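File shown: model_28.tsv. Contents: TSV, C-alpha atoms.
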chain	number	residue	atom	x	y	z
A	1	MET	CA	-17.61	38.07	44.17
A	2	THR	CA	-14.94	40.13	45.92
A	3	ASP	CA	-15.23	43.78	46.93
A	4	GLN	CA	-12.73	44.82	44.24
A	5	TYR	CA	-15.57	44.79	41.69
A	6	LEU	CA	-18.10	46.57	43.92
A	7	SER	CA	-16.10	49.30	45.67
A	8	PRO	CA	-16.09	53.05	44.96
A	9	THR	CA	-12.94	54.71	43.64
A	10	LEU	CA	-12.00	58.29	42.81
A	11	LEU	CA	-13.49	57.85	39.32
A	12	LEU	CA	-16.28	55.44	40.30
A	13	ASP	CA	-17.65	57.92	42.84
A	14	PHE	CA	-21.11	56.39	43.10
A	15	GLU	CA	-21.46	57.65	46.68
A	16	ALA	CA	-21.61	61.22	45.31
A	17	GLY	CA	-24.94	62.93	45.91
A	18	PRO	CA	-26.08	63.27	42.26
A	19	ILE	CA	-25.52	59.58	41.55
A	20	MET	CA	-27.18	58.44	44.77
A	21	ARG	CA	-30.18	60.69	44.03
A	22	LEU	CA	-30.45	59.36	40.48
A	23	VAL	CA	-30.52	55.76	41.69
A	24	ALA	CA	-33.07	56.58	44.40
A	25	ASP	CA	-35.32	58.74	42.20
A	26	ARG	CA	-35.46	56.07	39.48
A	27	GLY	CA	-36.21	53.31	42.00
A	28	TRP	CA	-33.61	51.07	40.43
A	29	MET	CA	-32.75	49.22	43.64
A	30	THR	CA	-36.26	47.74	43.72
A	31	LEU	CA	-35.68	45.95	40.41
A	32	SER	CA	-34.35	42.47	39.76
A	33	ASN	CA	-30.61	42.17	39.09
A	34	ALA	CA	-31.13	41.84	35.32
A	35	ASP	CA	-33.49	44.82	35.25
A	36	ARG	CA	-31.08	46.93	37.32
A	37	ILE	CA	-28.42	46.31	34.70
A	38	GLY	CA	-30.86	47.17	31.92
A	39	ALA	CA	-32.04	50.37	33.59
A	40	ALA	CA	-28.50	51.68	34.15
A	41	TYR	CA	-27.42	50.57	30.68
A	42	ASP	CA	-30.36	52.23	28.91
A	43	PHE	CA	-29.86	55.43	30.90
A	44	VAL	CA	-26.20	55.69	29.89
A	45	ARG	CA	-26.90	54.68	26.28
A	46	ASN	CA	-29.65	57.18	25.54
A	47	GLU	CA	-29.96	59.77	28.31
A	48	ILE	CA	-26.22	60.43	28.31
A	49	ARG	CA	-25.69	61.52	24.72
A	50	PHE	CA	-22.75	60.50	22.58
A	51	GLY	CA	-20.14	63.27	22.73
A	52	TYR	CA	-16.61	64.16	23.74
A	53	ASN	CA	-15.67	65.31	27.25
A	54	SER	CA	-12.56	67.22	28.28
A	55	ASP	CA	-10.71	64.07	29.38
A	56	ASP	CA	-11.05	60.29	29.60
A	57	ALA	CA	-10.26	60.13	33.32
A	58	LEU	CA	-13.28	62.03	34.64
A	59	PRO	CA	-15.24	60.96	37.74
A	60	ALA	CA	-18.61	59.42	37.03
A	61	SER	CA	-20.38	62.32	38.75
A	62	ARG	CA	-18.73	64.75	36.31
A	63	VAL	CA	-19.84	62.67	33.32
A	64	LEU	CA	-23.38	62.68	34.71
A	65	SER	CA	-23.18	66.47	35.07
A	66	ASP	CA	-21.85	66.88	31.52
A	67	GLY	CA	-24.77	64.82	30.18
A	68	TYR	CA	-22.70	63.37	27.34
A	69	GLY	CA	-19.72	61.09	26.84
A	70	GLN	CA	-17.84	58.64	24.65
A	71	CYS	CA	-16.76	55.03	25.22
A	72	ASN	CA	-14.44	55.73	28.13
A	73	THR	CA	-16.42	58.35	30.01
A	74	LYS	CA	-19.80	56.73	29.49
A	75	GLY	CA	-18.19	53.49	30.63
A	76	THR	CA	-17.01	55.11	33.87
A	77	LEU	CA	-20.53	56.34	34.58
A	78	LEU	CA	-22.06	52.96	33.76
A	79	MET	CA	-19.59	51.20	36.08
A	80	ALA	CA	-20.39	53.61	38.90
A	81	LEU	CA	-24.13	53.06	38.47
A	82	LEU	CA	-23.69	49.29	38.33
A	83	ARG	CA	-21.63	49.23	41.51
A	84	ALA	CA	-24.19	51.45	43.20
A	85	LEU	CA	-26.74	48.80	42.17
A	86	GLU	CA	-24.53	46.01	43.59
A	87	VAL	CA	-23.64	44.60	40.17
A	88	PRO	CA	-19.97	43.48	40.03
A	89	CYS	CA	-18.09	45.06	37.13
A	90	ARG	CA	-14.59	45.63	35.83
A	91	PHE	CA	-12.81	47.64	33.12
A	92	HIS	CA	-11.34	46.26	29.86
A	93	GLY	CA	-8.93	48.51	28.00
A	94	PHE	CA	-8.11	48.56	24.29
A	95	THR	CA	-7.09	50.82	21.47
A	96	ILE	CA	-9.12	51.34	18.31
A	97	ASP	CA	-7.97	52.33	14.82
A	98	LYS	CA	-8.52	56.06	14.40
A	99	ARG	CA	-10.51	55.41	11.21
A	100	LEU	CA	-13.43	54.49	13.46
A	101	GLN	CA	-13.62	58.18	14.44
A	102	ARG	CA	-13.40	59.51	10.88
A	103	GLY	CA	-16.40	61.64	10.05
A	104	VAL	CA	-16.65	62.77	13.66
A	105	VAL	CA	-13.11	64.12	13.69
A	106	PRO	CA	-13.02	67.02	11.16
A	107	GLU	CA	-10.89	66.28	8.11
A	108	LEU	CA	-8.77	69.38	8.72
A	109	VAL	CA	-7.41	67.93	11.97
A	110	TYR	CA	-7.83	64.20	11.25
A	111	PRO	CA	-4.10	63.79	10.35
A	112	LEU	CA	-3.23	65.03	13.86
A	113	ALA	CA	-5.27	62.33	15.58
A	114	PRO	CA	-3.31	59.44	17.15
A	115	ALA	CA	-3.23	56.33	14.96
A	116	ASN	CA	-4.49	54.28	17.91
A	117	ILE	CA	-7.13	55.76	20.21
A	118	ILE	CA	-7.75	54.64	23.80
A	119	HIS	CA	-10.97	52.61	24.03
A	120	SER	CA	-12.70	50.54	26.68
A	121	TRP	CA	-15.77	48.54	27.49
A	122	VAL	CA	-17.41	47.44	30.74
A	123	GLU	CA	-17.51	43.83	31.86
A	124	ILE	CA	-20.22	42.70	34.28
A	125	TYR	CA	-20.55	39.48	36.25
A	126	HIS	CA	-24.06	38.24	35.55
A	127	GLY	CA	-25.60	34.79	35.47
A	128	GLY	CA	-22.36	33.15	36.55
A	129	ALA	CA	-20.27	34.61	33.71
A	130	TRP	CA	-18.54	37.81	32.61
A	131	LEU	CA	-20.33	39.72	29.83
A	132	ASN	CA	-19.01	42.58	27.68
A	133	LEU	CA	-21.01	45.82	27.50
A	134	GLU	CA	-19.98	48.21	24.71
A	135	GLY	CA	-23.24	48.90	22.88
A	136	PHE	CA	-24.11	51.89	25.08
A	137	ILE	CA	-21.72	54.31	23.34
A	138	LEU	CA	-23.93	55.70	20.54
A	139	ASP	CA	-27.30	57.11	21.52
A	140	ALA	CA	-30.27	55.95	19.46
A	141	PRO	CA	-30.62	59.09	17.28
A	142	VAL	CA	-26.95	58.96	16.22
A	143	LEU	CA	-27.21	55.26	15.40
A	144	ALA	CA	-30.45	55.83	13.49
A	145	ALA	CA	-28.82	58.60	11.45
A	146	LEU	CA	-26.04	56.21	10.40
A	147	GLN	CA	-28.53	53.47	9.55
A	148	ASN	CA	-30.59	55.88	7.43
A	149	THR	CA	-27.52	57.26	5.66
A	150	PHE	CA	-26.16	53.80	4.83
A	151	PRO	CA	-29.30	51.64	4.44
A	152	GLU	CA	-27.54	48.97	2.37
A	153	ARG	CA	-24.43	48.66	4.54
A	154	LYS	CA	-23.75	45.85	6.96
A	155	SER	CA	-20.18	46.75	7.92
A	156	LEU	CA	-19.23	50.26	9.02
A	157	CYS	CA	-16.07	51.45	10.74
A	158	ALA	CA	-16.41	55.24	10.82
A	159	TYR	CA	-18.51	57.98	12.44
A	160	GLY	CA	-17.97	56.41	15.89
A	161	ALA	CA	-19.35	52.99	14.89
A	162	GLY	CA	-17.46	49.76	14.35
A	163	THR	CA	-19.90	46.98	13.53
A	164	ASP	CA	-20.58	44.24	10.98
A	165	CYS	CA	-24.34	44.49	11.47
A	166	LEU	CA	-25.15	48.20	11.16
A	167	GLN	CA	-28.86	47.76	10.50
A	168	ASN	CA	-29.36	45.46	13.48
A	169	PRO	CA	-26.46	45.84	15.90
A	170	ASN	CA	-26.51	44.11	19.24
A	171	VAL	CA	-26.90	47.24	21.37
A	172	GLU	CA	-30.00	46.45	23.44
A	173	TRP	CA	-29.54	44.86	26.87
A	174	ARG	CA	-30.96	41.34	26.61
A	175	GLY	CA	-28.77	39.54	29.11
A	176	VAL	CA	-25.87	39.00	26.69
A	177	SER	CA	-22.81	40.98	25.55
A	178	THR	CA	-23.40	44.14	23.49
A	179	TYR	CA	-21.14	45.87	20.96
A	180	ILE	CA	-21.01	48.93	18.68
A	181	GLN	CA	-17.26	49.67	18.20
A	182	LYS	CA	-15.81	46.16	18.38
A	183	THR	CA	-14.56	45.90	14.78
A	184	GLY	CA	-12.24	48.88	15.22
A	185	ILE	CA	-10.24	47.33	18.07
A	186	ASN	CA	-6.57	46.78	17.26
A	187	HIS	CA	-4.90	46.23	20.64
A	188	ASP	CA	-6.02	44.59	23.90
A	189	PHE	CA	-4.61	45.83	27.23
A	190	GLY	CA	-6.60	43.30	29.26
A	191	THR	CA	-8.88	43.79	32.26
A	192	PHE	CA	-8.47	46.11	35.24
A	193	ASP	CA	-10.40	46.30	38.50
A	194	ASP	CA	-11.42	49.88	37.72
A	195	PRO	CA	-10.71	52.74	35.29
A	196	ASP	CA	-8.46	54.42	37.87
A	197	ALA	CA	-5.93	51.58	37.55
A	198	PHE	CA	-5.97	51.80	33.75
A	199	TYR	CA	-5.62	55.57	33.42
A	200	ALA	CA	-2.77	55.61	35.93
A	201	THR	CA	-0.55	54.22	33.15
A	202	HIS	CA	-2.48	54.80	29.90
A	203	ARG	CA	-3.24	58.38	28.88
A	204	GLN	CA	-3.59	60.15	25.55
A	205	LEU	CA	-3.46	63.66	24.05
A	206	THR	CA	-1.15	65.40	26.47
A	207	GLY	CA	0.79	68.62	25.90
A	208	VAL	CA	-0.13	70.94	23.03
A	209	LYS	CA	-2.31	68.35	21.26
A	210	GLY	CA	-4.20	67.76	24.48
A	211	LEU	CA	-4.78	71.46	24.96
A	212	LEU	CA	-6.00	71.88	21.37
A	213	TYR	CA	-8.35	68.93	21.83
A	214	ARG	CA	-9.84	70.24	25.08
A	215	VAL	CA	-10.20	73.85	24.01
A	216	ILE	CA	-11.12	73.60	20.31
A	217	ILE	CA	-11.27	70.20	18.63
A	218	ARG	CA	-13.68	68.37	20.92
A	219	HIS	CA	-16.21	71.20	20.64
A	220	TRP	CA	-15.94	70.95	16.85
A	221	MET	CA	-16.47	67.19	17.11
A	222	ASN	CA	-19.49	67.66	19.38
A	223	HIS	CA	-20.99	70.09	16.88
A	224	ARG	CA	-20.63	67.44	14.17
A	225	VAL	CA	-22.26	64.83	16.41
A	226	ARG	CA	-25.19	67.16	17.09
A	227	ARG	CA	-25.67	67.57	13.34
A	228	MET	CA	-25.44	63.81	12.85
A	229	ARG	CA	-28.14	63.35	15.48
A	230	LYS	CA	-30.38	65.51	13.27
A	231	GLY	CA	-29.58	63.40	10.20
A	232	HIS	CA	-26.72	65.44	8.70
A	233	VAL	CA	-23.99	62.80	8.36
A	234	PRO	CA	-20.90	64.35	6.70
A	235	ASP	CA	-19.15	62.77	3.74
A	236	ILE	CA	-15.64	61.46	4.26
A	237	PRO	CA	-13.01	60.94	1.53
A	238	GLY	CA	-11.78	57.52	0.49
A	239	GLY	CA	-14.91	55.79	-0.75
A	240	GLU	CA	-15.62	52.21	0.35
A	241	ALA	CA	-12.17	51.75	1.86
A	242	ALA	CA	-12.85	54.53	4.38
A	243	LEU	CA	-15.99	52.82	5.72
A	244	VAL	CA	-14.74	49.33	6.56
A	245	PRO	CA	-12.36	48.10	9.27
A	246	ASP	CA	-8.73	47.27	8.66
A	247	GLN	CA	-8.68	43.57	7.77
A	248	SER	CA	-5.59	43.09	9.94
A	249	ILE	CA	-7.47	44.03	13.11
A	250	PRO	CA	-7.59	40.95	15.38
A	251	GLU	CA	-10.82	39.37	16.60
A	252	THR	CA	-11.58	40.10	20.24
A	253	GLN	CA	-12.67	37.36	22.60
A	254	GLU	CA	-15.65	37.00	24.90
A	255	ALA	CA	-14.95	37.82	28.55
A	256	THR	CA	-13.91	34.87	30.72
Target encoding structure tokens, full file:
Amino acid sequence: MTDQYLSPTLLLDFEAGPIMRLVADRGWMTLSNADRIGAAYDFVRNEIRFGYNSDDALPASRVLSDGYGQCNTKGTLLMALLRALEVPCRFHGFTIDKRLQRGVVPELVYPLAPANIIHSWVEIYHGGAWLNLEGFILDAPVLAALQNTFPERKSLCAYGAGTDCLQNPNVEWRGVSTYIQKTGINHDFGTFDDPDAFYATHRQLTGVKGLLYRVIIRHWMNHRVRRMRKGHVPDIPGGEAALVPDQSIPETQEAT
């Protein structure tokens, strides 16, 4: 495996002191390759809470300092930890239908949200093949709140989840691909060596909308996520149609 999947970058700054200390303090380098992946994955999934940072293109050390993140920022941190643990990884960029974020985005500002929202997952080279890791986005309490609110549902595409198996989603690291927002994907940008290469040409929420998001809207969204984590899942208008993915959304493929 070439250095392009193991090297630090401006965003994958795993040589930063806080990340190096985390890896050393947890003793992750003493683990087997599979267990290293699992340790980093579980840390990002549950110890870095689901939430919305000020920007997608934040260095991994900043995401670690924030202590929360969404698909893109948690993915950057996971990639940095994996490369620090000598696990080859790359970035896969997408967009998701904004309906996946309904319930987290307040209804008052939901019409202002882009129709297609930048999304990503992490691909790792493990066991001689590329695997997709996406199931780390929602922390366990948020996922449990959705499962308890919709005990009879299998498919859900709202509240930050996009899955056809809500009650038993494939989010645990077991040596295979994991997913929790896959059914909301509506465009595939392909793979990139690192998030830096992707964000150099793909950015979202600039100008006035970007300022409103950073200063006001994301804090409102984070407040809603904190309430969801405590079991207070807000209602959203639209009934059944608001909870399922757009049937025109294409199926994504396994990494190759």
Go through stretch 2-119 of chain A residue by residue and, counting only C-alpha atoms, keep those with an atom at most 10 Å from stretch 156-175 of chain A; for each kept residue give the shortest atom pair and its distance in Å to one decimal, ordered by chain and increasing number, as a tab-separated table.
residue	atom	partner	partner_atom	distance
A:Ala34	CA	A:Gly175	CA	7.0
A:Asp35	CA	A:Trp173	CA	9.3
A:Ile37	CA	A:Trp173	CA	8.0
A:Gly38	CA	A:Trp173	CA	5.7
A:Ala39	CA	A:Trp173	CA	9.0
A:Tyr41	CA	A:Trp173	CA	7.2
A:Asp42	CA	A:Trp173	CA	7.7
A:Arg45	CA	A:Val171	CA	8.9
A:Phe50	CA	A:Gly160	CA	9.2
A:Gly51	CA	A:Gly160	CA	9.9
A:Gln70	CA	A:Gly160	CA	9.0
A:Cys71	CA	A:Gly160	CA	9.5
A:Ile96	CA	A:Gly162	CA	9.4
A:Asp97	CA	A:Cys157	CA	9.1
A:Lys98	CA	A:Ala158	CA	8.7
A:Arg99	CA	A:Ala158	CA	5.9
A:Leu100	CA	A:Ala158	CA	4.1
A:Gln101	CA	A:Gly160	CA	4.9
A:Arg102	CA	A:Ala158	CA	5.2
A:Gly103	CA	A:Tyr159	CA	4.9
A:Val104	CA	A:Tyr159	CA	5.3
A:Val105	CA	A:Tyr159	CA	8.3
For A:Glu134, please output as a VMD selection string all residues within 7 Å (counting all atoms listed in the file; exclusion window: fewer than 4 positions along the same chain). chain A and resid 121 to 122 178 to 180
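Between A:Asp235 and the candidates A:Pro8, A:Pro151, A:Pro59, A:Pro106, the tightest atom-to-atom separation, counting all atoms listed in the file, involves A:Pro106.
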Give me, please, the distance in Å between atom CA of A:Val176 and atom CA of A:Leu131, quoted to one decimal.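 Separation of atom CA of A:Val176 and atom CA of A:Leu131: 6.4 Å.
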Rounded to one decimal place, report the atom CA of A:Arg218-atom CA of A:Phe150 distance in Å. 25.0 Å
Rounded to one decimal in Å, what is the spacing between atom CA of A:Tyr125 and atom CA of A:Ser177? 11.0 Å
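Here the question is which of A:Asp56, A:Asp196, A:Glu123, A:Glu15 gets nearest to A:Leu78 using all atoms listed in the file, and that residue is A:Glu123.
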List as a PyMOL selection string the protein and nucleic acid residues near A:Val23, meaning an atom at most 8 Å away when only C-alpha atoms are counted, but skip any in the same chain fewer than 3 places from it. chain A and resi 19-20+26-29+81+84-85
Residues within 9 Å of A:Asp193, please, as a list in words. Count all atoms listed in the file; anything in the same chain fewer than 3 positions from it doesn't count. Gln4, Tyr5, Cys89, Arg90, Phe91, His92, Asp196, Ala197 and Phe198 of chain A
For each of A:Pro234, A:Gly93, A:Gly210, A:Gly67, take the minimum atom-to-atom distance to A:Ser54, counting all atoms listed in the file, then give the residue where this is smallest.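 Smallest distance to A:Ser54 is found for A:Gly210.
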In terms of only C-alpha atoms, the residue from A:Ala60, A:Ile118, A:Val44, A:Ala80 at minimal distance from A:Gly135 is A:Val44
Using the file's own x, y and z axes, what box holds all listed atoms of stretch 8-14 of chain A with 6 Å on each side, keeping edges along x, y and z, and what are its centre and edge lengths in Å to one decimal, as JSON?
{"center_x": -16.6, "center_y": 55.7, "center_z": 42.1, "size_x": 21.1, "size_y": 17.2, "size_z": 17.6}
Using all atoms listed in the file, pick whichever of A:Ser65, A:Thr206, A:Gln147, A:Asn46 has the shortest atom-to-atom distance to A:Pro114.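 Using all atoms listed in the file, A:Pro114 sits closest to A:Thr206.
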Min atom-atom distance to A:Asn53 from the set A:Val215, A:Ala16, A:Leu143, A:Ala40, counting all atoms listed in the file, belongs to A:Val215
Residues near A:Thr95, anyone? I mean within 6 Å using all atoms listed in the file, not counting same-chain ones fewer than 4 positions away, as a ChimeraX atom specification. /A:116-119,185-187
Place a sphere of radius 12 Å on (-26.1, 68.1, 16.6) in the file coordinates and name every protein, DNA or RNA residue with an atom inside or on its surface, counting all atoms listed in the file; give the answer as number ranges by chain. A: 49-51, 104, 141-142, 145, 219-234
Could I get stretch 144-160 of chain A from the block written as a short mmCIF file (atom, residue, chain, number, x, y, z; two decimals), in the first residue's frame, with N, CA and C atoms?
data_model
loop_
_atom_site.label_atom_id
_atom_site.label_comp_id
_atom_site.auth_asym_id
_atom_site.auth_seq_id
_atom_site.Cartn_x
_atom_site.Cartn_y
_atom_site.Cartn_z
N ALA A 144 -30.21 5.23 19.80
CA ALA A 144 -31.19 4.59 20.67
C ALA A 144 -32.46 5.41 20.78
N ALA A 145 -32.33 6.74 20.82
CA ALA A 145 -33.51 7.60 20.89
C ALA A 145 -34.39 7.42 19.66
N LEU A 146 -33.76 7.30 18.49
CA LEU A 146 -34.53 7.09 17.26
C LEU A 146 -35.18 5.71 17.25
N GLN A 147 -34.47 4.72 17.71
CA GLN A 147 -35.03 3.37 17.77
C GLN A 147 -36.22 3.30 18.72
N ASN A 148 -36.13 4.00 19.85
CA ASN A 148 -37.22 4.00 20.83
C ASN A 148 -38.41 4.81 20.35
N THR A 149 -38.16 5.85 19.58
CA THR A 149 -39.24 6.69 19.08
C THR A 149 -40.00 6.01 17.95
N PHE A 150 -39.28 5.20 17.16
CA PHE A 150 -39.89 4.53 16.01
C PHE A 150 -39.67 3.02 16.11
N PRO A 151 -40.25 2.37 17.13
CA PRO A 151 -39.95 0.95 17.39
C PRO A 151 -40.41 0.01 16.29
N GLU A 152 -41.38 0.42 15.49
CA GLU A 152 -41.90 -0.45 14.43
C GLU A 152 -41.28 -0.16 13.06
N ARG A 153 -40.44 0.86 12.98
CA ARG A 153 -39.89 1.24 11.69
C ARG A 153 -38.64 0.43 11.34
N LYS A 154 -38.53 0.09 10.07
CA LYS A 154 -37.30 -0.47 9.53
C LYS A 154 -36.53 0.60 8.76
N SER A 155 -37.23 1.34 7.91
CA SER A 155 -36.60 2.36 7.09
C SER A 155 -36.81 3.74 7.71
N LEU A 156 -35.74 4.51 7.79
CA LEU A 156 -35.82 5.88 8.28
C LEU A 156 -34.81 6.72 7.53
N CYS A 157 -35.26 7.84 6.98
CA CYS A 157 -34.37 8.79 6.33
C CYS A 157 -34.72 10.19 6.85
N ALA A 158 -34.30 10.47 8.06
CA ALA A 158 -34.56 11.73 8.75
C ALA A 158 -33.75 11.72 10.05
N TYR A 159 -33.70 12.85 10.72
CA TYR A 159 -33.03 12.95 12.02
C TYR A 159 -31.55 12.54 11.97
N GLY A 160 -30.92 12.65 10.80
CA GLY A 160 -29.51 12.29 10.68
C GLY A 160 -29.26 10.83 10.38
#
